[in-house]
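**Q** Below are the structure tokens for one structure; questions will follow.
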Amino acid sequence: MIPAALPDDSELITRIRDLDLESKVRLLTGASLWRLPAEPRLRLATVTMSDGPQGVRGTLDNPDDTGLLAPAPSAVAAAWDPGLAERLGELFAIEARRKGVDVVLAPAVNLQRTPVAGRHFEYFSEDPLLTAAVAAAVVRGLQGRGVGACLKHFVANDSETDRTRYRARLDERTLREVYLAPFEQVLAEAEPWSVMAAYSGVDDGTQSAPMTEHARLLRQVLKQEWGFAGPVVSDWSATASTAASALGGLDLVMPGPHGPWGEALVAAVRSGEVPEHLVDDKVLRLLRLARHTGRLGEPADIPAPCAAVAAPGPEEFDLLREVAARGTVLLRNEQDLLPLVPEGLGSVALIGPNAVDPYLQGGGSAFVPAVRTVSFAEGLRAALPQQVRLSVHRGGDSRLGAPFASGDLPADPDTGEPGVRAEFLDADGTLIGGEVRHHGDWSAYGAFTLATSRVVLRTVLTLTEPGTHRLQVGCVGRFRVTVDGEEIWSGDDDRGVELVLDSSFHHPPLKDIDLHVGDEPRRVLLVVDLTVVEAGGYNRFVTAQLRHAPPGPTPYEEIAEAVSAAAAADVAVVVVGTNEEVESEGWDRTGIDLPGHQDELVRKVLAANPRTIVVVNAGAPVLLPWAQEVPALLWAWLPGQEAGHALADVLLGGSEPSGRLPWTLPARAEDVPVPEARPRDGVVDYAEGAHVGHRAWDRAGLVPAFPFGHGLGWTDWSYDSVAFTPEPPVSAASLTGPAGGDGLHLTVELTNTGRRAGREVVQVYLEPPQDGPDRPVRLLAGFTTVHAEADARVSAEVRVPARAFQIWDTETQGWHTPPGRYRLHIGRSSRDLRLAVDTAVEPDRAGTH
């Protein structure tokens with residue numbers, strides 16, 4: 001039995017009927033890490049996928065490949081501008097075609113439920129409406145140019161600790177109103193061509209299962225209720241069962257060619273455990289995806305996998321620069337310190353760990369080797385007049401890990417030439433190959449033959465500077481490390497793919513080795529013996545890192561040097577933030593303090609120079625205990641490759657930092673509504689219900705450092721009036737419909753009362769009746785971005801969808817609009833509300849359902 005077809009499916013159904021069971025099942029597991037199987041009898045060419053939240057990684061077939069590195073998704077959401085996000089999606093599509101990619105594994109529409117979540121930077125917002133609006137725009141941009149989007153991670157996969165094992169426990173209303181909401185809205189508004197099932201599981205009170213097996217959510221809600229016609233793809237190596245996942249609604253197991261389906265699924269069909277019509281449905285969904293992306297048809301009609309697209313150039317760099325600048329949030333600007341006037345500057349001191357080493361992108365699958373990067377120092381130097389002196393000072397290191405060993409420090413023991421010698425040994429210990437590499441980072445290295453069982457790294461380090469040198473070695477799996485023949489560390493971890501899934505292969509634990517050097521140089525022989533890790537679809541690899549920190553000034557000495565430079569400068573720009581040790585896929589943070597001595601650095605620089613601008617280079621919230629003391633404060637996110645140019649544009653007034661916070665910034669750790677992400681007894685309990693993000697802050701009546709939606713820009717605005725249609729009262733029957741469906745339309749009149757042109761994000765918050773079912777005090781119900789010249793008046797049209805008024809009725813299993821008086825607040829943030837208007841919702845004759 002072939003499932004219900006779309007109008008143009010008839011020919012595909014005919015082809016599927018002519019295919020034998022084994023051939024159909026073969027199509028349901030990837031052919032490799034990134035590619036799907038081809039099938040000439042179906043006129044199906046290979047479909048290629050790639051990671052993509054912060055760009056398009058490509059397939060990494062060539063380890064030297066680079067690509068465009070965009071600002072992180074939270075920075076994109078901070079612009080509150082779907083039009084800008086759609087342009088970025090179009091750029092991703094161009095980049096995908098440049099790399100021969102047909103489907104980009106993005107956008108991620110999980111919510112920033114807690115600030116300590118490891119992939120916080122990779123998600124758009126703590127709010128489902130803002131998340132959905134921006135994500136839908138990215139999908140439209142991608143698919144409008146023929147590249148598929150893969151909406152992920154379905155669903156409630158909002159933290160990283162034990163992510164392949166935990167269950168998210170949440171009631172049905174919370175699931176529907178908060179965590180399913182962005183998926184539903186994006187599917188309704190943008191129709192993404194594929195959806196990814198999460199690693200984690202969900203216990204919604206009806207079924208408790210891994211998402212790859214969750215029939216209620218995949219088959220009943222996603223496919224039947226919402227009408228999703230594309231394939232559900234597993235997260236990489238997430239599928240652990242055969243029949244349960246096949247029956248549960250999964251359509252494609254990734255990566256391949258191995259996995260739990262294949263012959264096992266054929267046997268399950270032959271035995272009657274899995275109906276063959278479900279296999280046919282899965283194949284049909286994959287063929288639809290191939291058709292959308294141009295990979296289905298006669299061979300002569302299918303474009304080459306890597307169509308000729310020009311290399312990245314200035315126009316693309318300019319868009320990334322615009323996105324980074326537009327997403328920058330101006331949190332404070334006392335005495336109008338910003339924008340700086342270049343003509344009045346004699347010197348600028350650029351200070352901070354992230355000023356020297358910016359954090360441009362988060363760790364994990366979002367990582368893109370950038371085609372170029374512009375540091376903050378490079379961007380400022382290029383923008384400042386030549387006569388302005390720019391000095392750069394680290395002010396102490398915020399990382400626990402030392403820099404990677406490179407240059408002349410490591411030497412090949414056999415030749416004395418710079419580098420680390422790798423020897424490839426087979427299972428019997430016979431040498432079968434080798435090479436020399438010139439850098440200390442061997443994370444997930446797999447450039448060796450299939451016969452290789454061990455990789456032995458040997459290098460001689462010549463330490464010349466007197467004092468204590470800190471050597472750090474990082475390894476995973478089975479390994480043995482010796483220094484001058486003495487074993488100093490070993491491991492016996494026989495896990496395989498798990499080392500990939502918890503990001504150990506990119507961030508191995510580090511062993512510190514202190515080596516003292518006197519008046520004479522010291523030569524040290526380091527040997528690292530690594531057993532090859534067998535990682536299933538991720539292939540075979542070894543991981544090793546060699547890091548070295550020579551004797552140097554203490555953090556306090558570096559802070560003192562930076563303070564001295566700040567005191568002598570006209571302006572101090574202090575860049576603080578996180579780094580790859582803090583924000584990454586694979587683990588969650590244990591706290592939200594800035595790492596290292598950065599708080600002390602800010603306070604001492606501010607005391608030395610009252611004209612201090614602080615820039616926060618972080619994707620997720622961090623505590624800023626000095627926030628109300630600094631005259632100017634900017635949040636610059638993880639800004640991507642054009643970081644330096646974008647910051648210079650903002651500091652010197654070339655671009656307005658028109659961003660608004662897409663999440664709430666806490667003032668105190670104890671105020672955070674959901675302070676941790678770690679499961680307890682295998683369960684992440686969503687006990688807060690629908691009160692997530694700014695909704696929780698409003699319910700508790702707590703004051704954050706800066707509220708959701710806050711941002712200043714270069715000008716001031718007056719909110720003059722608001723009108724809406726239809727006029728009250730409104731019947732409940734008029735407020736029904738799908739996610740993103742019609743509702744109320746507001747017209748807000750506002751005036752730019754400042755001296756500069758600027759953008760304003762007009763935000764609408766709905767206050768529902770509080771005398772009925774438990775509901776948020778207020779929820780974001782609509783927004784739009786407008787632009788006006790100085791002293792100009794502008795009209796903002798904001799749509800408040802019907803869904804904003806609705807709640808999920810567990811008894812009727814449908815959406816319900818409770819009658820009563822609703823108040824619409826209009827303003828600049830969740831706490832800066834300038835106008836309000838009421839509307840009454842009356843029951844219709846058939847009731848309120």
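How things are named: the first chain in the structure tokens is A, the next is B, and so on; residues count from 1 in each chain; ligands count from 1 in the order shown.
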For Thr612 in chain A, find every residue with an atom within 8 Å (counting only C-alpha atoms), except residues of its own chain fewer than 6 positions away, and show them as a list in words.

**A** Val571, Ala572, Val573, Val574, Val605, Leu606, Val630, Pro631 and Ala632 of chain A

**Q** Give me the residues near Thr664 in chain A as a VMD selection string, where near means some atom within 12 Å (using only C-alpha atoms) and where sequence neighbours in that chain fewer than 3 positions away do not count.

**A** chain A and resid 78 112 to 115 125 to 127 620 to 623 660 to 661 667 to 668 671 to 673 692 to 698 702 to 711 829 to 831

**Q** Mind listing the helix (DSSP H, G or I) residues of range 501-671 of chain A, per DSSP on the backbone, as a tab-separated table (two decimals) with N, CA and C atoms, in the first residue's frame?

**A**
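And here is the file that came out, states25.tsv:
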```tsv
chain	number	residue	atom	x	y	z
A	501	LEU	N	29.80	12.06	19.69
A	501	LEU	CA	28.55	12.65	20.12
A	501	LEU	C	28.70	13.55	21.34
A	536	GLY	N	31.93	4.11	13.65
A	536	GLY	CA	30.77	3.86	12.82
A	536	GLY	C	30.73	4.77	11.61
A	537	GLY	N	29.59	5.45	11.42
A	537	GLY	CA	29.43	6.34	10.28
A	537	GLY	C	30.38	7.51	10.28
A	538	TYR	N	30.99	7.80	11.42
A	538	TYR	CA	31.98	8.88	11.48
A	538	TYR	C	33.37	8.39	11.11
A	555	PRO	N	48.51	36.76	35.14
A	555	PRO	CA	47.33	37.55	34.76
A	555	PRO	C	47.31	38.92	35.40
A	556	TYR	N	47.76	39.02	36.64
A	556	TYR	CA	47.74	40.30	37.32
A	556	TYR	C	48.73	41.28	36.70
A	557	GLU	N	49.87	40.77	36.25
A	557	GLU	CA	50.83	41.63	35.56
A	557	GLU	C	50.27	42.10	34.22
A	558	GLU	N	49.56	41.20	33.53
A	558	GLU	CA	48.96	41.60	32.25
A	558	GLU	C	47.84	42.62	32.46
A	559	ILE	N	47.06	42.45	33.52
A	559	ILE	CA	46.01	43.42	33.82
A	559	ILE	C	46.63	44.78	34.11
A	560	ALA	N	47.70	44.81	34.89
A	560	ALA	CA	48.36	46.07	35.22
A	560	ALA	C	48.87	46.76	33.96
A	561	GLU	N	49.43	46.00	33.04
A	561	GLU	CA	49.92	46.59	31.78
A	561	GLU	C	48.76	47.15	30.97
A	562	ALA	N	47.62	46.44	30.93
A	562	ALA	CA	46.45	46.91	30.19
A	562	ALA	C	45.88	48.17	30.83
A	563	VAL	N	45.84	48.22	32.15
A	563	VAL	CA	45.31	49.39	32.85
A	563	VAL	C	46.18	50.61	32.56
A	564	SER	N	47.48	50.42	32.53
A	564	SER	CA	48.38	51.53	32.22
A	564	SER	C	48.12	52.07	30.81
A	565	ALA	N	47.90	51.15	29.86
A	565	ALA	CA	47.61	51.58	28.49
A	565	ALA	C	46.27	52.30	28.42
A	566	ALA	N	45.27	51.82	29.18
A	566	ALA	CA	43.96	52.47	29.18
A	566	ALA	C	44.05	53.89	29.72
A	567	ALA	N	44.81	54.05	30.78
A	567	ALA	CA	44.94	55.38	31.38
A	567	ALA	C	45.56	56.38	30.42
A	568	ALA	N	46.42	55.92	29.52
A	568	ALA	CA	47.10	56.81	28.59
A	568	ALA	C	46.32	57.05	27.31
A	598	GLN	N	38.29	38.40	33.99
A	598	GLN	CA	37.77	39.47	33.14
A	598	GLN	C	36.96	40.52	33.90
A	599	ASP	N	36.23	40.11	34.93
A	599	ASP	CA	35.50	41.11	35.72
A	599	ASP	C	36.46	42.10	36.37
A	600	GLU	N	37.55	41.58	36.92
A	600	GLU	CA	38.56	42.46	37.53
A	600	GLU	C	39.19	43.38	36.49
A	601	LEU	N	39.43	42.84	35.32
A	601	LEU	CA	40.01	43.65	34.24
A	601	LEU	C	39.11	44.83	33.90
A	602	VAL	N	37.80	44.58	33.74
A	602	VAL	CA	36.88	45.66	33.39
A	602	VAL	C	36.88	46.74	34.45
A	603	ARG	N	36.77	46.34	35.69
A	603	ARG	CA	36.67	47.34	36.76
A	603	ARG	C	37.94	48.18	36.87
A	604	LYS	N	39.10	47.57	36.69
A	604	LYS	CA	40.34	48.33	36.81
A	604	LYS	C	40.56	49.25	35.62
A	605	VAL	N	40.17	48.80	34.44
A	605	VAL	CA	40.28	49.68	33.27
A	605	VAL	C	39.32	50.85	33.41
A	606	LEU	N	38.10	50.58	33.86
A	606	LEU	CA	37.12	51.65	34.04
A	606	LEU	C	37.61	52.68	35.06
A	607	ALA	N	38.25	52.21	36.12
A	607	ALA	CA	38.78	53.14	37.11
A	607	ALA	C	39.90	54.00	36.52
A	608	ALA	N	40.62	53.45	35.56
A	608	ALA	CA	41.73	54.20	34.96
A	608	ALA	C	41.27	55.14	33.86
A	643	ALA	N	33.96	39.97	11.95
A	643	ALA	CA	33.84	40.52	13.29
A	643	ALA	C	34.45	41.91	13.42
A	644	GLY	N	35.69	42.05	12.99
A	644	GLY	CA	36.40	43.31	13.18
A	644	GLY	C	35.79	44.46	12.42
A	645	HIS	N	35.39	44.22	11.18
A	645	HIS	CA	34.77	45.28	10.39
A	645	HIS	C	33.42	45.69	10.99
A	646	ALA	N	32.64	44.70	11.42
A	646	ALA	CA	31.32	45.00	11.99
A	646	ALA	C	31.45	45.82	13.27
A	647	LEU	N	32.39	45.44	14.15
A	647	LEU	CA	32.56	46.20	15.39
A	647	LEU	C	33.03	47.63	15.09
A	648	ALA	N	33.95	47.77	14.17
A	648	ALA	CA	34.41	49.11	13.80
A	648	ALA	C	33.27	49.95	13.24
A	649	ASP	N	32.41	49.33	12.42
A	649	ASP	CA	31.26	50.06	11.87
A	649	ASP	C	30.39	50.60	12.99
A	650	VAL	N	30.18	49.79	14.02
A	650	VAL	CA	29.32	50.20	15.14
A	650	VAL	C	30.01	51.26	15.98
A	651	LEU	N	31.26	51.03	16.37
A	651	LEU	CA	31.94	51.97	17.25
A	651	LEU	C	32.09	53.35	16.64
A	669	ALA	N	22.99	35.14	39.34
A	669	ALA	CA	22.83	33.73	39.00
A	669	ALA	C	21.63	33.12	39.71
A	670	GLU	N	21.37	33.56	40.94
A	670	GLU	CA	20.27	32.95	41.71
A	670	GLU	C	18.89	33.32	41.16
A	671	ASP	N	18.82	34.29	40.25
A	671	ASP	CA	17.53	34.67	39.67
A	671	ASP	C	17.16	33.86	38.44
```

**Q** Mind running range 70-138 of chain A against range 306-322 of chain A at 6 Å and telling me each contacting residue's nearest atom pair with the distance in Å (one decimal), counting only C-alpha atoms, chain and number ascending, as CSV?

**A**
```
residue,atom,partner,partner_atom,distance
A:Ala70,CA,A:Leu320,CA,5.8
A:Arg98,CA,A:Val309,CA,5.3
A:Gly100,CA,A:Cys306,CA,4.0
```

**Q** For the selection just defined, write its residues with N, CA and C atoms to a file, as a short mmCIF file (atom, residue, chain, number, x, y, z; two decimals), in the first residue's frame.

**A**
```cif
data_model
loop_
_atom_site.label_atom_id
_atom_site.label_comp_id
_atom_site.auth_asym_id
_atom_site.auth_seq_id
_atom_site.Cartn_x
_atom_site.Cartn_y
_atom_site.Cartn_z
N ALA A 70 29.23 32.84 9.01
CA ALA A 70 28.23 33.84 9.36
C ALA A 70 28.20 34.06 10.87
N ARG A 98 27.93 26.07 -4.03
CA ARG A 98 29.37 26.18 -4.25
C ARG A 98 30.08 24.93 -3.76
N GLY A 100 28.59 21.87 -3.47
CA GLY A 100 27.93 20.65 -3.91
C GLY A 100 26.97 20.08 -2.89
#
```

**Q** From the set A:Val684, A:Ala325, A:Leu624, A:Ala238, which residue has the shortest atom-to-atom contact distance to Val500 in chain A, counting only C-alpha atoms?

**A** A:Ala238

**Q** Return the single residue from A:Arg140, A:Lys223, A:Arg169, A:Arg332 that is closest to Asp281 in chain A, with distances computed using only C-alpha atoms.

**A**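 Comparing A:Arg140, A:Lys223, A:Arg169, A:Arg332 against Asp281 in chain A, the winner is A:Lys223.
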
**Q** Of the candidates A:Val481, A:Leu222, A:Leu330, A:Val388, which one gets nearest to Val614 in chain A if we count only C-alpha atoms?

**A**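 The closest residue to Val614 in chain A is A:Leu330.
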